[in-house]
Amino acid sequence: MNRQALIHCFKRIQPYIHHTPVLTSRLLNEIAGASLFFKCENFQRMGAFKMRGAVHAILQLSDEQRAHGVVTHSSGNFAQALSLAAQTLGVTAYIVMPATAPMVKKAAVQDYGGIIIECPPTLTDREATAARIQAEKQATFIHPSDDPDVILGQGTAAMELLETHADLDVIFCSVGGGGLIGGTALAATHFGNHCAVIGGEPLAVDDAYRSLRSGRIESNTTTDTIADGLKTQLGKHTFPIIQQQVAEIIRVEEDEIVAAMQLVWERLKIIIESSAAVAFAAMLKEKHRFTNQKIGIILSGGNVDLSQLPFSRS
């Protein structure tokens, strides 16, 4: 996954994605003690960065593969992203979702044309069901994060950011399955000017942080975090990129995530989801280290259940 692969990916997906804005805030700069540039992937089609990787992965398929459709297992943003990308490109998308997934998420997938296959809420069942659909339909499996074509697609958000702000010192982004931070690290390596990439991760699901320390892919025994999009773990493609090209991962507490999310809502006047707030929370937690630097922050998405907002109602 070199510079030319990123450029090729960037050019191919342009007709199918939004070039999302970069916002700034004088007040947030003062709070952080640095110049902050927020890459707003909450304005991406279907509301999250994952549209980029989903489109690119489907575009890489042959006509024969597209004719048989694609399949993934996801109850979150990638389920919606693959559904919309497939609908846009005239491809059938089979989406394996746990039976316990919220109805609002199932409804979004159906609105984007995805065909939902329900399964019990375990990773083993999700993988087994996806494998069955893959065999029955001859569909191509596309992993939500651990797929080279998906990783390249996700990296185009940072490419866009660096196009207009080439002198960034650091880019922060959230860490879940590693597709976003892996792609961001590739973009920073090939298009940045000594730009470091730092991940933000909830302390409650800090498998990526522990993986970097142990040198092997770690798992979580709990998933007790408000950042529901970050409960997945790294894979064989994302982990080596993170090992080699990510400077560090900063862990944040739940109240720090909520505070960062609320700041963005109040001061930037935009909606972001809790998983997106983790990147900003990580920067704020260690802000003394980044005084007067130019900092990019990728706000990964804005798909929020408005009935479940974490803000105080007092």
# chains A, B, ... in the order shown; residues from 1 in each chain; ligands from 1
>>> residues_around(residues="Ile217 (chain A)", least_positions_apart="3", cutoff="9 Å", atoms="only C-alpha atoms", output="JSON list (two decimals) with N, CA, C and O atoms, in the first residue's frame")
[["chain", "number", "residue", "atom", "x", "y", "z"],
["A", 207, "ASP", "N", -7.73, -2.44, 23.53],
["A", 207, "ASP", "CA", -7.00, -3.55, 22.93],
["A", 207, "ASP", "C", -5.87, -3.09, 22.01],
["A", 207, "ASP", "O", -4.81, -3.72, 21.95],
["A", 208, "ALA", "N", -6.08, -1.98, 21.28],
["A", 208, "ALA", "CA", -5.03, -1.51, 20.37],
["A", 208, "ALA", "C", -3.82, -1.00, 21.17],
["A", 208, "ALA", "O", -2.67, -1.28, 20.83],
["A", 210, "ARG", "N", -2.92, -2.01, 24.12],
["A", 210, "ARG", "CA", -2.24, -3.18, 24.68],
["A", 210, "ARG", "C", -1.54, -3.99, 23.59],
["A", 210, "ARG", "O", -0.48, -4.59, 23.83],
["A", 211, "SER", "N", -2.09, -3.98, 22.39],
["A", 211, "SER", "CA", -1.46, -4.71, 21.28],
["A", 211, "SER", "C", -0.11, -4.11, 20.92],
["A", 211, "SER", "O", 0.86, -4.85, 20.65],
["A", 212, "LEU", "N", -0.03, -2.78, 20.92],
["A", 212, "LEU", "CA", 1.25, -2.14, 20.64],
["A", 212, "LEU", "C", 2.28, -2.47, 21.70],
["A", 212, "LEU", "O", 3.48, -2.60, 21.41],
["A", 214, "SER", "N", 2.32, -5.27, 23.67],
["A", 214, "SER", "CA", 2.65, -6.69, 23.72],
["A", 214, "SER", "C", 3.26, -7.22, 22.43],
["A", 214, "SER", "O", 3.92, -8.26, 22.42],
["A", 233, "GLN", "N", -11.67, -5.17, 17.22],
["A", 233, "GLN", "CA", -10.23, -5.28, 17.47],
["A", 233, "GLN", "C", -9.44, -5.21, 16.17],
["A", 233, "GLN", "O", -10.00, -5.28, 15.08],
["A", 234, "LEU", "N", -8.14, -5.04, 16.29],
["A", 234, "LEU", "CA", -7.26, -4.94, 15.13],
["A", 234, "LEU", "C", -7.18, -6.27, 14.39],
["A", 234, "LEU", "O", -7.52, -7.32, 14.93],
["A", 235, "GLY", "N", -6.74, -6.20, 13.13],
["A", 235, "GLY", "CA", -6.62, -7.40, 12.32],
["A", 235, "GLY", "C", -5.23, -7.54, 11.71],
["A", 235, "GLY", "O", -4.33, -6.73, 11.94],
["A", 236, "LYS", "N", -5.05, -8.56, 10.91],
["A", 236, "LYS", "CA", -3.73, -8.90, 10.37],
["A", 236, "LYS", "C", -3.21, -7.85, 9.39],
["A", 236, "LYS", "O", -1.99, -7.76, 9.17],
["A", 239, "PHE", "N", -2.96, -4.14, 11.96],
["A", 239, "PHE", "CA", -2.00, -4.13, 13.07],
["A", 239, "PHE", "C", -0.57, -3.81, 12.63],
["A", 239, "PHE", "O", 0.09, -2.96, 13.25]]
>>> residues_around(residues="Arg3 (chain A)", least_positions_apart="3", cutoff="9 Å", atoms="only C-alpha atoms", output="ChimeraX atom specification")
/A:6-8,186-187,189-191
>>> write_last_selection(atoms="N, CA, C and O atoms", output="tab-separated table (two decimals), in the first residue's frame")
chain	number	residue	atom	x	y	z
A	6	LEU	N	-2.49	4.85	-3.02
A	6	LEU	CA	-3.36	5.84	-2.39
A	6	LEU	C	-3.88	6.85	-3.43
A	6	LEU	O	-5.06	7.21	-3.41
A	7	ILE	N	-3.01	7.29	-4.30
A	7	ILE	CA	-3.43	8.25	-5.33
A	7	ILE	C	-4.48	7.63	-6.25
A	7	ILE	O	-5.49	8.25	-6.59
A	8	HIS	N	-4.24	6.38	-6.66
A	8	HIS	CA	-5.18	5.68	-7.53
A	8	HIS	C	-6.53	5.54	-6.84
A	8	HIS	O	-7.59	5.79	-7.45
A	186	LEU	N	-0.88	5.78	6.67
A	186	LEU	CA	-0.32	5.67	5.31
A	186	LEU	C	-0.32	7.03	4.62
A	186	LEU	O	0.67	7.42	3.99
A	187	ALA	N	-1.44	7.76	4.75
A	187	ALA	CA	-1.53	9.07	4.12
A	187	ALA	C	-0.52	10.04	4.71
A	187	ALA	O	0.13	10.80	3.98
A	189	THR	N	2.31	9.33	6.13
A	189	THR	CA	3.65	8.90	5.74
A	189	THR	C	4.00	9.38	4.33
A	189	THR	O	5.10	9.87	4.07
A	190	HIS	N	3.04	9.26	3.41
A	190	HIS	CA	3.32	9.54	2.01
A	190	HIS	C	3.02	10.98	1.59
A	190	HIS	O	3.55	11.46	0.58
A	191	PHE	N	2.17	11.69	2.34
A	191	PHE	CA	1.76	13.04	1.92
A	191	PHE	C	1.99	14.10	2.99
A	191	PHE	O	1.85	15.29	2.71
>>> residues_around(residues="Gln65 (chain A)", least_positions_apart="5", cutoff="12 Å", atoms="only C-alpha atoms", output="count of residues only")
16
>>> residues_around(residues="Gly53 (chain A)", least_positions_apart="6", cutoff="10 Å", atoms="only C-alpha atoms", output="list in words")
Cys9, Ile13, Leu59, Phe78, Ala81, Leu82, Ala85, Ile142, Pro144, Ser145, Asp147, Pro148, Asp149, Val150, Ile151, Leu152, Gly153, Gln154, Gly155, Thr156, Gly179, Leu180 and Gly183 of chain A
>>> closest_atom_pairs(of="region 217-265 of chain A", to="region 40-51 of chain A", cutoff="12 Å", atoms="only C-alpha atoms", output="Markdown table")
| residue | atom | partner | partner_atom | distance |
| --- | --- | --- | --- | --- |
| A:Gly229 | CA | A:Ala48 | CA | 10.9 |
| A:Val264 | CA | A:Cys40 | CA | 11.0 |
| A:Trp265 | CA | A:Asn42 | CA | 12.0 |
>>> write_last_selection(atoms="N, CA, C and O atoms", output="compact mmCIF listing (two decimals), in the first residue's frame")
# COMPACT_ATOMS: atom_id res chain seq x y z
N GLY A 229 -18.75 2.39 18.31
CA GLY A 229 -18.09 2.06 17.06
C GLY A 229 -16.66 1.60 17.21
O GLY A 229 -16.03 1.20 16.23
N VAL A 264 -17.68 19.83 20.96
CA VAL A 264 -17.84 19.94 19.50
C VAL A 264 -19.26 20.35 19.14
O VAL A 264 -19.48 21.22 18.29
N TRP A 265 -20.24 19.73 19.79
CA TRP A 265 -21.63 20.09 19.53
C TRP A 265 -21.85 21.58 19.83
O TRP A 265 -22.48 22.30 19.06
>>> closest_residue(among="A:Ala131, A:Leu27, A:Val55, A:Ile198", to="Lys11 (chain A)", atoms="only C-alpha atoms")
A:Val55
>>> closest_residue(among="A:Ile17, A:Ile297, A:Ala282, A:Ala188", to="Ser35 (chain A)", atoms="only C-alpha atoms")
A:Ile297
>>> closest_residue(among="A:His143, A:Thr20, A:Glu136, A:Met261", to="Ala79 (chain A)", atoms="only C-alpha atoms")
A:His143
>>> atom_distance(atom1="CA of His68 (chain A)", atom2="CA of Leu84 (chain A)")
16.5 Å
>>> closest_residue(among="A:Arg216, A:Lys231, A:His18, A:Lys39", to="Gly296 (chain A)", atoms="only C-alpha atoms")
A:Lys39
>>> atom_distance(atom1="CA of Gln4 (chain A)", atom2="CA of Ala166 (chain A)")
18.1 Å
>>> residues_around(residues="region 113-117 of chain A", least_positions_apart="4", cutoff="9 Å", atoms="only C-alpha atoms", output="tab-separated table (two decimals) with N, CA and C atoms, in the first residue's frame")
chain	number	residue	atom	x	y	z
A	79	ALA	N	-22.06	-1.36	8.00
A	79	ALA	CA	-23.27	-1.98	7.44
A	79	ALA	C	-23.98	-0.98	6.54
A	80	GLN	N	-24.09	0.25	7.02
A	80	GLN	CA	-24.73	1.30	6.22
A	80	GLN	C	-23.86	1.69	5.03
A	82	LEU	N	-21.53	-0.04	3.33
A	82	LEU	CA	-21.48	-1.03	2.26
A	82	LEU	C	-22.82	-1.09	1.53
A	83	SER	N	-23.91	-0.94	2.27
A	83	SER	CA	-25.23	-0.94	1.65
A	83	SER	C	-25.37	0.21	0.66
A	84	LEU	N	-24.98	1.42	1.07
A	84	LEU	CA	-25.11	2.58	0.20
A	84	LEU	C	-24.12	2.52	-0.96
A	86	ALA	N	-22.91	-0.16	-2.34
A	86	ALA	CA	-23.39	-1.18	-3.26
A	86	ALA	C	-24.58	-0.68	-4.07
A	87	GLN	N	-25.51	0.01	-3.41
A	87	GLN	CA	-26.66	0.58	-4.11
A	87	GLN	C	-26.21	1.58	-5.17
A	92	THR	N	-25.59	-5.91	-5.25
A	92	THR	CA	-26.38	-6.40	-4.11
A	92	THR	C	-25.49	-6.51	-2.87
A	93	ALA	N	-25.98	-6.04	-1.74
A	93	ALA	CA	-25.22	-6.12	-0.48
A	93	ALA	C	-25.98	-6.95	0.53
A	94	TYR	N	-25.34	-8.00	1.04
A	94	TYR	CA	-25.90	-8.84	2.10
A	94	TYR	C	-25.22	-8.43	3.41
A	95	ILE	N	-26.02	-8.03	4.38
A	95	ILE	CA	-25.49	-7.49	5.62
A	95	ILE	C	-25.89	-8.39	6.78
A	96	VAL	N	-24.92	-9.05	7.37
A	96	VAL	CA	-25.16	-9.90	8.55
A	96	VAL	C	-25.15	-9.02	9.79
A	97	MET	N	-26.26	-9.02	10.51
A	97	MET	CA	-26.39	-8.19	11.70
A	97	MET	C	-26.92	-9.04	12.87
A	98	PRO	N	-26.43	-8.77	14.08
A	98	PRO	CA	-26.97	-9.48	15.23
A	98	PRO	C	-28.44	-9.15	15.42
A	99	ALA	N	-29.21	-10.13	15.84
A	99	ALA	CA	-30.65	-9.93	16.04
A	99	ALA	C	-30.92	-8.83	17.05
A	106	LYS	N	-30.93	-1.11	11.78
A	106	LYS	CA	-31.48	-2.00	10.75
A	106	LYS	C	-32.26	-1.20	9.71
A	108	ALA	N	-31.77	1.88	8.82
A	108	ALA	CA	-30.84	2.62	7.98
A	108	ALA	C	-30.26	1.72	6.90
A	109	VAL	N	-29.88	0.51	7.27
A	109	VAL	CA	-29.33	-0.44	6.28
A	109	VAL	C	-30.37	-0.74	5.20
A	129	THR	N	-22.19	-16.91	9.82
A	129	THR	CA	-23.31	-16.54	8.96
A	129	THR	C	-22.82	-15.86	7.69
A	130	ALA	N	-21.85	-14.98	7.82
A	130	ALA	CA	-21.29	-14.33	6.64
A	130	ALA	C	-20.64	-15.35	5.70
A	133	ILE	N	-23.44	-17.15	3.77
A	133	ILE	CA	-23.98	-16.33	2.69
A	133	ILE	C	-22.97	-16.22	1.54
>>> select_by_dssp(residues="region 228-260 of chain A", states="strand (DSSP E or B)", output="list in words")
Glu248, Ile249, Ile250, Arg251 and Val252 of chain A
>>> write_last_selection(atoms="all heavy atoms", output="mmCIF file, in the first residue's frame")
data_model
loop_
_atom_site.group_PDB
_atom_site.id
_atom_site.type_symbol
_atom_site.label_atom_id
_atom_site.label_comp_id
_atom_site.auth_asym_id
_atom_site.auth_seq_id
_atom_site.Cartn_x
_atom_site.Cartn_y
_atom_site.Cartn_z
ATOM 1 N N GLU A 248 1.662 6.688 18.719
ATOM 2 C CA GLU A 248 1.197 6.195 20.009
ATOM 3 C C GLU A 248 -0.321 6.184 20.030
ATOM 4 O O GLU A 248 -0.985 6.717 19.141
ATOM 5 C CB GLU A 248 1.708 7.081 21.152
ATOM 6 C CG GLU A 248 1.192 8.511 21.111
ATOM 7 C CD GLU A 248 1.666 9.329 22.302
ATOM 8 O OE1 GLU A 248 1.439 8.899 23.451
ATOM 9 O OE2 GLU A 248 2.239 10.415 22.065
ATOM 10 N N ILE A 249 -0.864 5.579 21.069
ATOM 11 C CA ILE A 249 -2.302 5.582 21.306
ATOM 12 C C ILE A 249 -2.547 6.118 22.713
ATOM 13 O O ILE A 249 -1.937 5.643 23.679
ATOM 14 C CB ILE A 249 -2.910 4.181 21.138
ATOM 15 C CG1 ILE A 249 -2.791 3.730 19.675
ATOM 16 C CG2 ILE A 249 -4.381 4.163 21.583
ATOM 17 C CD1 ILE A 249 -3.226 2.308 19.420
ATOM 18 N N ILE A 250 -3.419 7.100 22.810
ATOM 19 C CA ILE A 250 -3.752 7.710 24.097
ATOM 20 C C ILE A 250 -5.130 7.212 24.520
ATOM 21 O O ILE A 250 -6.097 7.295 23.753
ATOM 22 C CB ILE A 250 -3.755 9.250 23.989
ATOM 23 C CG1 ILE A 250 -2.348 9.754 23.651
ATOM 24 C CG2 ILE A 250 -4.252 9.881 25.293
ATOM 25 C CD1 ILE A 250 -2.280 11.236 23.325
ATOM 26 N N ARG A 251 -5.221 6.702 25.732
ATOM 27 C CA ARG A 251 -6.488 6.173 26.246
ATOM 28 C C ARG A 251 -7.258 7.255 26.997
ATOM 29 O O ARG A 251 -6.663 8.060 27.712
ATOM 30 C CB ARG A 251 -6.231 4.978 27.157
ATOM 31 C CG ARG A 251 -5.521 3.821 26.460
ATOM 32 C CD ARG A 251 -5.222 2.689 27.399
ATOM 33 N NE ARG A 251 -4.257 3.093 28.417
ATOM 34 C CZ ARG A 251 -3.880 2.321 29.430
ATOM 35 N NH1 ARG A 251 -4.412 1.124 29.572
ATOM 36 N NH2 ARG A 251 -2.989 2.752 30.297
ATOM 37 N N VAL A 252 -8.576 7.242 26.839
ATOM 38 C CA VAL A 252 -9.408 8.260 27.483
ATOM 39 C C VAL A 252 -10.550 7.607 28.260
ATOM 40 O O VAL A 252 -11.042 6.530 27.911
ATOM 41 C CB VAL A 252 -9.981 9.255 26.447
ATOM 42 C CG1 VAL A 252 -8.870 10.105 25.862
ATOM 43 C CG2 VAL A 252 -10.735 8.537 25.341
#
>>> select_by_dssp(residues="region 62-194 of chain A", states="helix (DSSP H, G or I)", output="ChimeraX atom specification")
/A:63-68,77-88,103-111,123-137,148-164,179-191
>>> residues_around(residues="Glu127 (chain A)", least_positions_apart="6", cutoff="10 Å", atoms="only C-alpha atoms", output="PyMOL selection string")
chain A and resi 72-74+96+119
>>> atom_distance(atom1="CA of Gly302 (chain A)", atom2="CA of Gly200 (chain A)")
16.9 Å
